[in-house]
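Inspection log for the structure reproduced underneath, given as structure tokens.
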Amino acid sequence: MRIILLGAPGAGKGSQAKKIAAKYGLPHISTGDIFRSLRPDTELGRLFNEYSAKGQLVPDDVVLKIVEERLAQDDCKNGFIMDGFPRTIPQAQAFEKAIHADVALNFQVDNSILMDRLTGRWTCKKCGTPYHVSTLGGATVCHCGGELIQRDDDKAETVSKRLAVYESQTKPLIDFYAQCGILKNLDASKPIDEVFEKIVQILDNL
Ligand code: AMP
């Protein structure tokens, strides 16, 4: 199964990708996580920091190269879950030319919910687990012992920019995948387990 997760930042793609990966034994490929794992003193790491700090997308050619390298690895032979890619029409066109996806799951959530989820998100520096500040009760460490931090790009000003970038550059992918005939819409404002049940129904009927 080749699965694409579409949706604005904060729509819950990462959480659902982990659950899908565990149930179906597929690799979870998050381009954001790949970028964040780069050492900041490398050329690519610096480039990423420059764009993400402004809430902007990394140029298409850079992203496409990283995705191509990742998909060439053995664990992607039987499929994958793409989380955060493609994010522009040129990325989607290049990807479709090389590999047909089986389904594009579109996570629909109102902007007010997204703002709250992102600006209230604290992420473990060590394992990447996200938490909402309202559930932390003042805790500053993750269950793994890692320090919880607010990602620079989850600060209010940058979040507004990321949502604007989503509207202008990524939202057009909804029509793109509808035209490919593989789009499935989901109400992603619902609780995590409910959204996952819907996803399982869709995937089991492909
Ligand atoms: P994410 O964690 O998916 O929100 O990604 C964090 C940041 O990584 C984004 O704000 C972009 O700067 C960059 N990024 C991740 N995926 C892509 C992509 N497919 N195209 C361009 N930039 C990306």
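To be explicit about the labels: the chains of the structure tokens are called A, B, and onward in the order shown, and within each one the residues are counted from 1, while ligands get numbers from 1 in the order they are shown.
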Pull the helix (DSSP H, G or I) assignments for range 43-195 of chain A out of DSSP run on the backbone, and list those residues as a short mmCIF file (atom, residue, chain, number, x, y, z; two decimals) with N, CA, C and O atoms, in the first residue's frame.
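As written to disk, states_0.cif reads:
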```cif
data_model
loop_
_atom_site.label_atom_id
_atom_site.label_comp_id
_atom_site.auth_asym_id
_atom_site.auth_seq_id
_atom_site.Cartn_x
_atom_site.Cartn_y
_atom_site.Cartn_z
N GLU A 43 25.27 21.54 5.31
CA GLU A 43 24.69 22.47 4.34
C GLU A 43 23.16 22.32 4.29
O GLU A 43 22.41 23.29 4.33
N LEU A 44 22.72 21.04 4.25
CA LEU A 44 21.28 20.77 4.16
C LEU A 44 20.57 21.17 5.46
O LEU A 44 19.45 21.70 5.43
N GLY A 45 21.23 20.90 6.59
CA GLY A 45 20.66 21.26 7.89
C GLY A 45 20.47 22.76 8.00
O GLY A 45 19.45 23.23 8.50
N ARG A 46 21.46 23.50 7.52
CA ARG A 46 21.36 24.98 7.56
C ARG A 46 20.24 25.46 6.66
O ARG A 46 19.45 26.33 7.02
N LEU A 47 20.16 24.86 5.47
CA LEU A 47 19.12 25.25 4.51
C LEU A 47 17.73 25.03 5.13
O LEU A 47 16.86 25.90 5.07
N PHE A 48 17.56 23.85 5.73
CA PHE A 48 16.27 23.53 6.36
C PHE A 48 15.93 24.55 7.45
O PHE A 48 14.82 25.09 7.47
N ASN A 49 16.89 24.84 8.33
CA ASN A 49 16.61 25.78 9.43
C ASN A 49 16.21 27.15 8.91
O ASN A 49 15.32 27.80 9.46
N GLU A 50 16.85 27.56 7.84
CA GLU A 50 16.58 28.86 7.24
C GLU A 50 15.11 28.94 6.78
O GLU A 50 14.40 29.90 7.07
N TYR A 51 14.64 27.89 6.10
CA TYR A 51 13.26 27.90 5.58
C TYR A 51 12.24 27.64 6.69
O TYR A 51 11.25 28.36 6.79
N SER A 52 12.49 26.62 7.51
CA SER A 52 11.45 26.24 8.48
C SER A 52 11.27 27.32 9.54
O SER A 52 10.16 27.54 10.03
N ASP A 60 11.55 22.50 -3.83
CA ASP A 60 11.09 21.19 -4.34
C ASP A 60 12.24 20.25 -4.70
O ASP A 60 12.20 19.06 -4.39
N ASP A 61 13.27 20.76 -5.39
CA ASP A 61 14.34 19.85 -5.85
C ASP A 61 15.04 19.19 -4.67
O ASP A 61 15.40 18.01 -4.72
N VAL A 62 15.19 19.93 -3.57
CA VAL A 62 15.86 19.39 -2.38
C VAL A 62 14.99 18.28 -1.76
O VAL A 62 15.46 17.19 -1.44
N VAL A 63 13.69 18.56 -1.65
CA VAL A 63 12.77 17.59 -1.04
C VAL A 63 12.69 16.33 -1.91
O VAL A 63 12.75 15.20 -1.40
N LEU A 64 12.59 16.52 -3.22
CA LEU A 64 12.44 15.37 -4.11
C LEU A 64 13.65 14.44 -4.03
O LEU A 64 13.51 13.22 -4.06
N LYS A 65 14.83 15.01 -3.88
CA LYS A 65 16.04 14.19 -3.80
C LYS A 65 16.02 13.37 -2.50
O LYS A 65 16.31 12.17 -2.51
N ILE A 66 15.63 14.01 -1.43
CA ILE A 66 15.58 13.31 -0.13
C ILE A 66 14.56 12.17 -0.16
O ILE A 66 14.81 11.07 0.31
N VAL A 67 13.41 12.43 -0.78
CA VAL A 67 12.35 11.41 -0.84
C VAL A 67 12.81 10.25 -1.74
O VAL A 67 12.63 9.07 -1.40
N GLU A 68 13.43 10.59 -2.85
CA GLU A 68 13.91 9.54 -3.77
C GLU A 68 14.90 8.61 -3.05
O GLU A 68 14.81 7.39 -3.14
N GLU A 69 15.81 9.21 -2.30
CA GLU A 69 16.81 8.41 -1.57
C GLU A 69 16.14 7.52 -0.52
O GLU A 69 16.48 6.36 -0.36
N ARG A 70 15.15 8.08 0.15
CA ARG A 70 14.48 7.31 1.21
C ARG A 70 13.68 6.14 0.61
O ARG A 70 13.68 5.04 1.14
N LEU A 71 13.01 6.41 -0.53
CA LEU A 71 12.17 5.36 -1.13
C LEU A 71 13.00 4.25 -1.77
O LEU A 71 12.48 3.16 -2.03
N ASP A 74 15.27 -0.54 1.18
CA ASP A 74 14.57 -1.84 1.12
C ASP A 74 13.21 -1.89 1.78
O ASP A 74 12.29 -2.54 1.29
N ASP A 75 13.06 -1.19 2.91
CA ASP A 75 11.82 -1.30 3.67
C ASP A 75 10.63 -0.67 2.94
O ASP A 75 9.49 -0.85 3.36
N CYS A 76 10.87 0.03 1.83
CA CYS A 76 9.77 0.68 1.10
C CYS A 76 9.24 -0.19 -0.04
O CYS A 76 8.32 0.24 -0.77
N ILE A 89 2.28 21.28 -5.90
CA ILE A 89 1.88 20.59 -7.14
C ILE A 89 3.10 20.00 -7.88
O ILE A 89 3.06 18.83 -8.27
N PRO A 90 4.21 20.75 -8.03
CA PRO A 90 5.37 20.12 -8.71
C PRO A 90 5.87 18.86 -7.98
O PRO A 90 6.25 17.88 -8.63
N GLN A 91 5.83 18.86 -6.64
CA GLN A 91 6.24 17.64 -5.92
C GLN A 91 5.30 16.49 -6.25
O GLN A 91 5.73 15.36 -6.51
N ALA A 92 3.99 16.77 -6.26
CA ALA A 92 3.00 15.71 -6.53
C ALA A 92 3.14 15.20 -7.96
O ALA A 92 3.05 13.99 -8.21
N GLN A 93 3.37 16.11 -8.90
CA GLN A 93 3.51 15.69 -10.30
C GLN A 93 4.74 14.79 -10.47
O GLN A 93 4.66 13.74 -11.10
N ALA A 94 5.85 15.21 -9.87
CA ALA A 94 7.08 14.42 -10.00
C ALA A 94 6.89 13.05 -9.34
O ALA A 94 7.32 12.02 -9.87
N PHE A 95 6.21 13.02 -8.22
CA PHE A 95 6.01 11.78 -7.47
C PHE A 95 5.10 10.84 -8.25
O PHE A 95 5.39 9.65 -8.40
N GLU A 96 3.99 11.36 -8.79
CA GLU A 96 3.04 10.53 -9.55
C GLU A 96 3.68 9.96 -10.81
O GLU A 96 3.35 8.86 -11.24
N LYS A 97 4.60 10.73 -11.39
CA LYS A 97 5.28 10.27 -12.59
C LYS A 97 6.14 9.04 -12.27
O LYS A 97 6.23 8.10 -13.05
N ALA A 98 6.74 9.06 -11.08
CA ALA A 98 7.65 7.97 -10.71
C ALA A 98 6.90 6.81 -10.04
O ALA A 98 7.18 5.64 -10.31
N ASN A 111 -9.27 25.79 10.92
CA ASN A 111 -8.05 26.54 11.26
C ASN A 111 -7.92 26.87 12.75
O ASN A 111 -6.83 26.87 13.29
N SER A 112 -9.08 27.15 13.41
CA SER A 112 -8.99 27.53 14.84
C SER A 112 -8.45 26.34 15.65
O SER A 112 -7.65 26.51 16.57
N ILE A 113 -8.85 25.14 15.28
CA ILE A 113 -8.37 23.94 15.99
C ILE A 113 -6.87 23.75 15.70
O ILE A 113 -6.08 23.44 16.57
N LEU A 114 -6.49 23.98 14.44
CA LEU A 114 -5.08 23.81 14.06
C LEU A 114 -4.19 24.77 14.84
O LEU A 114 -3.12 24.38 15.33
N MET A 115 -4.63 26.04 14.96
CA MET A 115 -3.85 27.05 15.69
C MET A 115 -3.61 26.57 17.11
O MET A 115 -2.50 26.61 17.62
N ASP A 116 -4.69 26.09 17.75
CA ASP A 116 -4.58 25.66 19.15
C ASP A 116 -3.67 24.43 19.26
O ASP A 116 -2.82 24.36 20.14
N ARG A 117 -3.84 23.46 18.35
CA ARG A 117 -3.02 22.25 18.42
C ARG A 117 -1.54 22.58 18.25
O ARG A 117 -0.69 22.04 18.94
N LEU A 118 -1.23 23.47 17.30
CA LEU A 118 0.18 23.74 16.99
C LEU A 118 0.85 24.64 18.02
O LEU A 118 1.95 24.34 18.48
N THR A 119 0.17 25.74 18.39
CA THR A 119 0.82 26.65 19.33
C THR A 119 0.87 26.03 20.73
O THR A 119 1.67 26.43 21.56
N VAL A 133 0.04 21.13 25.53
CA VAL A 133 0.40 21.75 26.80
C VAL A 133 -0.71 21.58 27.85
O VAL A 133 -0.43 21.42 29.05
N SER A 134 -1.97 21.51 27.41
CA SER A 134 -3.09 21.39 28.34
C SER A 134 -3.10 20.05 29.07
O SER A 134 -3.77 19.89 30.08
N THR A 135 -2.37 19.07 28.54
CA THR A 135 -2.37 17.74 29.17
C THR A 135 -1.11 17.51 30.01
O THR A 135 -0.96 16.44 30.61
N ASP A 152 10.53 25.74 17.19
CA ASP A 152 10.52 27.14 16.74
C ASP A 152 9.36 27.39 15.79
O ASP A 152 8.71 28.44 15.84
N ASP A 153 9.09 26.39 14.93
CA ASP A 153 8.02 26.62 13.94
C ASP A 153 6.62 26.39 14.52
O ASP A 153 5.64 26.50 13.81
N ASP A 154 6.51 26.08 15.81
CA ASP A 154 5.19 26.00 16.47
C ASP A 154 4.87 27.28 17.24
O ASP A 154 3.85 27.36 17.93
N ALA A 156 3.54 31.08 17.66
CA ALA A 156 2.32 31.63 17.03
C ALA A 156 2.55 32.29 15.66
O ALA A 156 1.84 32.00 14.69
N GLU A 157 3.57 33.14 15.58
CA GLU A 157 3.77 33.90 14.34
C GLU A 157 4.11 32.96 13.17
O GLU A 157 3.59 33.10 12.06
N THR A 158 4.97 31.98 13.47
CA THR A 158 5.38 31.05 12.41
C THR A 158 4.23 30.12 12.04
O THR A 158 4.07 29.76 10.87
N VAL A 159 3.40 29.75 13.03
CA VAL A 159 2.26 28.88 12.74
C VAL A 159 1.33 29.56 11.74
O VAL A 159 0.88 28.92 10.77
N SER A 160 1.06 30.86 11.93
CA SER A 160 0.18 31.57 10.98
C SER A 160 0.76 31.51 9.58
O SER A 160 0.04 31.28 8.60
N LYS A 161 2.08 31.66 9.49
CA LYS A 161 2.71 31.59 8.16
C LYS A 161 2.61 30.19 7.57
O LYS A 161 2.33 30.02 6.38
N ARG A 162 2.82 29.17 8.42
CA ARG A 162 2.73 27.79 7.91
C ARG A 162 1.33 27.50 7.39
O ARG A 162 1.17 26.81 6.38
N LEU A 163 0.31 28.01 8.11
CA LEU A 163 -1.07 27.75 7.65
C LEU A 163 -1.36 28.49 6.35
O LEU A 163 -2.06 27.97 5.47
N ALA A 164 -0.77 29.68 6.19
CA ALA A 164 -0.95 30.43 4.94
C ALA A 164 -0.26 29.71 3.79
O ALA A 164 -0.80 29.61 2.67
N VAL A 165 0.92 29.16 4.07
CA VAL A 165 1.66 28.40 3.04
C VAL A 165 0.85 27.15 2.66
O VAL A 165 0.74 26.79 1.48
N TYR A 166 0.24 26.52 3.66
CA TYR A 166 -0.60 25.35 3.37
C TYR A 166 -1.73 25.75 2.41
O TYR A 166 -1.96 25.07 1.40
N GLU A 167 -2.43 26.85 2.73
CA GLU A 167 -3.56 27.29 1.90
C GLU A 167 -3.12 27.52 0.45
O GLU A 167 -3.79 27.09 -0.49
N SER A 168 -2.00 28.21 0.28
CA SER A 168 -1.63 28.60 -1.08
C SER A 168 -0.90 27.49 -1.85
O SER A 168 -1.12 27.33 -3.04
N GLN A 169 -0.06 26.70 -1.16
CA GLN A 169 0.76 25.75 -1.91
C GLN A 169 0.34 24.29 -1.80
O GLN A 169 0.55 23.52 -2.73
N THR A 170 -0.25 23.91 -0.66
CA THR A 170 -0.54 22.48 -0.46
C THR A 170 -2.01 22.14 -0.71
O THR A 170 -2.31 21.07 -1.25
N PRO A 172 -4.08 22.97 -2.98
CA PRO A 172 -4.41 22.56 -4.35
C PRO A 172 -4.20 21.06 -4.63
O PRO A 172 -4.72 20.51 -5.59
N LEU A 173 -3.45 20.38 -3.74
CA LEU A 173 -3.24 18.94 -3.94
C LEU A 173 -4.53 18.14 -3.74
O LEU A 173 -4.65 17.02 -4.22
N ILE A 174 -5.50 18.75 -3.03
CA ILE A 174 -6.76 18.04 -2.82
C ILE A 174 -7.42 17.79 -4.18
O ILE A 174 -7.85 16.68 -4.50
N ASP A 175 -7.47 18.82 -5.01
CA ASP A 175 -8.05 18.66 -6.35
C ASP A 175 -7.20 17.73 -7.21
O ASP A 175 -7.71 16.93 -7.99
N PHE A 176 -5.89 17.87 -7.05
CA PHE A 176 -4.97 17.03 -7.83
C PHE A 176 -5.27 15.55 -7.59
O PHE A 176 -5.45 14.76 -8.53
N TYR A 177 -5.38 15.16 -6.30
CA TYR A 177 -5.61 13.74 -6.00
C TYR A 177 -7.06 13.32 -6.25
O TYR A 177 -7.32 12.15 -6.53
N ALA A 178 -7.99 14.29 -6.19
CA ALA A 178 -9.37 13.96 -6.55
C ALA A 178 -9.40 13.59 -8.04
O ALA A 178 -10.04 12.61 -8.45
N GLN A 179 -8.66 14.35 -8.83
CA GLN A 179 -8.62 14.05 -10.27
C GLN A 179 -7.92 12.72 -10.56
O GLN A 179 -8.23 12.05 -11.54
N CYS A 180 -6.96 12.36 -9.71
CA CYS A 180 -6.31 11.04 -9.87
C CYS A 180 -7.26 9.93 -9.44
O CYS A 180 -6.96 8.74 -9.65
N ILE A 192 -8.44 10.86 18.18
CA ILE A 192 -7.45 10.06 17.43
C ILE A 192 -7.96 8.65 17.08
O ILE A 192 -7.84 8.21 15.95
N ASP A 193 -8.56 7.96 18.07
CA ASP A 193 -8.97 6.57 17.82
C ASP A 193 -10.12 6.49 16.80
O ASP A 193 -10.19 5.55 16.02
N GLU A 194 -11.00 7.50 16.85
CA GLU A 194 -12.12 7.51 15.89
C GLU A 194 -11.61 7.74 14.47
O GLU A 194 -12.07 7.11 13.51
N VAL A 195 -10.66 8.68 14.33
CA VAL A 195 -10.08 8.95 13.01
C VAL A 195 -9.38 7.68 12.50
O VAL A 195 -9.52 7.30 11.34
#
```
Dump the neighbourhood of ligand 1 as a ChimeraX atom specification: all residues within 7 Å, distances computed on only C-alpha atoms and all ligand atoms.
/A:9,30-33,35,48,51-52,55-60,63,83-88,162
Residue selection dump (N, CA and C atoms) as a PDB file, in the first residue's frame:
```
ATOM      1  N   PRO A   9      -0.595  21.474   8.623  1.00  0.00           N
ATOM      2  CA  PRO A   9       0.202  21.161   9.813  1.00  0.00           C
ATOM      3  C   PRO A   9      -0.734  21.124  11.027  1.00  0.00           C
ATOM      4  N   SER A  30       8.317  10.669   7.156  1.00  0.00           N
ATOM      5  CA  SER A  30       7.958  12.067   7.422  1.00  0.00           C
ATOM      6  C   SER A  30       9.109  12.937   6.940  1.00  0.00           C
ATOM      7  N   THR A  31       8.846  13.747   5.918  1.00  0.00           N
ATOM      8  CA  THR A  31       9.936  14.592   5.402  1.00  0.00           C
ATOM      9  C   THR A  31      10.351  15.604   6.480  1.00  0.00           C
ATOM     10  N   GLY A  32       9.387  16.083   7.276  1.00  0.00           N
ATOM     11  CA  GLY A  32       9.730  17.006   8.364  1.00  0.00           C
ATOM     12  C   GLY A  32      10.704  16.346   9.343  1.00  0.00           C
ATOM     13  N   ASP A  33      10.424  15.070   9.718  1.00  0.00           N
ATOM     14  CA  ASP A  33      11.328  14.366  10.653  1.00  0.00           C
ATOM     15  C   ASP A  33      12.698  14.157  10.021  1.00  0.00           C
ATOM     16  N   PHE A  35      14.162  16.067   7.846  1.00  0.00           N
ATOM     17  CA  PHE A  35      14.870  17.360   7.909  1.00  0.00           C
ATOM     18  C   PHE A  35      15.344  17.668   9.328  1.00  0.00           C
ATOM     19  N   PHE A  48      17.559  23.847   5.731  1.00  0.00           N
ATOM     20  CA  PHE A  48      16.274  23.528   6.359  1.00  0.00           C
ATOM     21  C   PHE A  48      15.927  24.555   7.445  1.00  0.00           C
ATOM     22  N   TYR A  51      14.641  27.886   6.096  1.00  0.00           N
ATOM     23  CA  TYR A  51      13.262  27.896   5.584  1.00  0.00           C
ATOM     24  C   TYR A  51      12.243  27.644   6.688  1.00  0.00           C
ATOM     25  N   SER A  52      12.490  26.624   7.512  1.00  0.00           N
ATOM     26  CA  SER A  52      11.450  26.243   8.480  1.00  0.00           C
ATOM     27  C   SER A  52      11.274  27.323   9.541  1.00  0.00           C
ATOM     28  N   GLY A  55       8.689  29.449   8.463  1.00  0.00           N
ATOM     29  CA  GLY A  55       7.418  28.792   8.146  1.00  0.00           C
ATOM     30  C   GLY A  55       7.298  28.477   6.665  1.00  0.00           C
ATOM     31  N   GLN A  56       8.434  28.523   5.961  1.00  0.00           N
ATOM     32  CA  GLN A  56       8.386  28.295   4.508  1.00  0.00           C
ATOM     33  C   GLN A  56       8.763  26.865   4.144  1.00  0.00           C
ATOM     34  N   LEU A  57       8.397  26.486   2.925  1.00  0.00           N
ATOM     35  CA  LEU A  57       8.737  25.153   2.434  1.00  0.00           C
ATOM     36  C   LEU A  57      10.158  25.147   1.866  1.00  0.00           C
ATOM     37  N   VAL A  58      10.832  24.024   2.070  1.00  0.00           N
ATOM     38  CA  VAL A  58      12.151  23.807   1.474  1.00  0.00           C
ATOM     39  C   VAL A  58      11.943  23.648  -0.045  1.00  0.00           C
ATOM     40  N   PRO A  59      12.880  24.124  -0.876  1.00  0.00           N
ATOM     41  CA  PRO A  59      12.662  24.027  -2.330  1.00  0.00           C
ATOM     42  C   PRO A  59      12.390  22.589  -2.813  1.00  0.00           C
ATOM     43  N   ASP A  60      11.546  22.498  -3.834  1.00  0.00           N
ATOM     44  CA  ASP A  60      11.094  21.192  -4.343  1.00  0.00           C
ATOM     45  C   ASP A  60      12.244  20.247  -4.704  1.00  0.00           C
ATOM     46  N   VAL A  63      13.691  18.557  -1.653  1.00  0.00           N
ATOM     47  CA  VAL A  63      12.771  17.588  -1.043  1.00  0.00           C
ATOM     48  C   VAL A  63      12.691  16.325  -1.909  1.00  0.00           C
ATOM     49  N   ASP A  83       4.126  11.203   4.991  1.00  0.00           N
ATOM     50  CA  ASP A  83       3.552  12.180   5.928  1.00  0.00           C
ATOM     51  C   ASP A  83       4.270  13.519   5.711  1.00  0.00           C
ATOM     52  N   GLY A  84       3.545  14.459   5.111  1.00  0.00           N
ATOM     53  CA  GLY A  84       4.165  15.769   4.873  1.00  0.00           C
ATOM     54  C   GLY A  84       4.797  15.900   3.498  1.00  0.00           C
ATOM     55  N   PHE A  85       4.553  14.933   2.654  1.00  0.00           N
ATOM     56  CA  PHE A  85       5.008  14.967   1.262  1.00  0.00           C
ATOM     57  C   PHE A  85       3.961  14.241   0.426  1.00  0.00           C
ATOM     58  N   PRO A  86       3.609  14.732  -0.761  1.00  0.00           N
ATOM     59  CA  PRO A  86       4.020  15.995  -1.366  1.00  0.00           C
ATOM     60  C   PRO A  86       3.313  17.190  -0.734  1.00  0.00           C
ATOM     61  N   ARG A  87       3.902  18.365  -0.946  1.00  0.00           N
ATOM     62  CA  ARG A  87       3.361  19.583  -0.355  1.00  0.00           C
ATOM     63  C   ARG A  87       3.168  20.686  -1.385  1.00  0.00           C
ATOM     64  N   THR A  88       3.544  20.402  -2.614  1.00  0.00           N
ATOM     65  CA  THR A  88       3.314  21.372  -3.700  1.00  0.00           C
ATOM     66  C   THR A  88       2.897  20.569  -4.937  1.00  0.00           C
ATOM     67  N   ARG A 162       2.816  29.174   8.416  1.00  0.00           N
ATOM     68  CA  ARG A 162       2.733  27.788   7.911  1.00  0.00           C
ATOM     69  C   ARG A 162       1.332  27.496   7.393  1.00  0.00           C
TER      70      ARG A 162
END
```
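When only C-alpha atoms are used to compute distances to Cys127 in chain A, the closest of the residues A:Lys54, A:His100, A:Lys171, A:Arg36 turns out to be A:Arg36.
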Quick one: distance from CA of Ala11 in chain A to CA of Asn106 in chain A in Å, one decimal?
9.4 Å
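Selecting strand (DSSP E or B) from the backbone DSSP output for range 108-185 of chain A yields Gln108, Arg121, Trp122, Thr123, Cys124, Pro130, Tyr131, His132, Val141, Glu147, Leu148, Ile149, Leu183, Lys184 and Asn185 of chain A.
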Given the choices A:Leu203, A:Leu105, A:Ile4, A:Ile149, which gets closest to Lys126 in chain A if the distance is worked out from only C-alpha atoms?
A:Ile149
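The space separating CA of Leu148 in chain A from CA of Lys18 in chain A comes to 19.5 Å.
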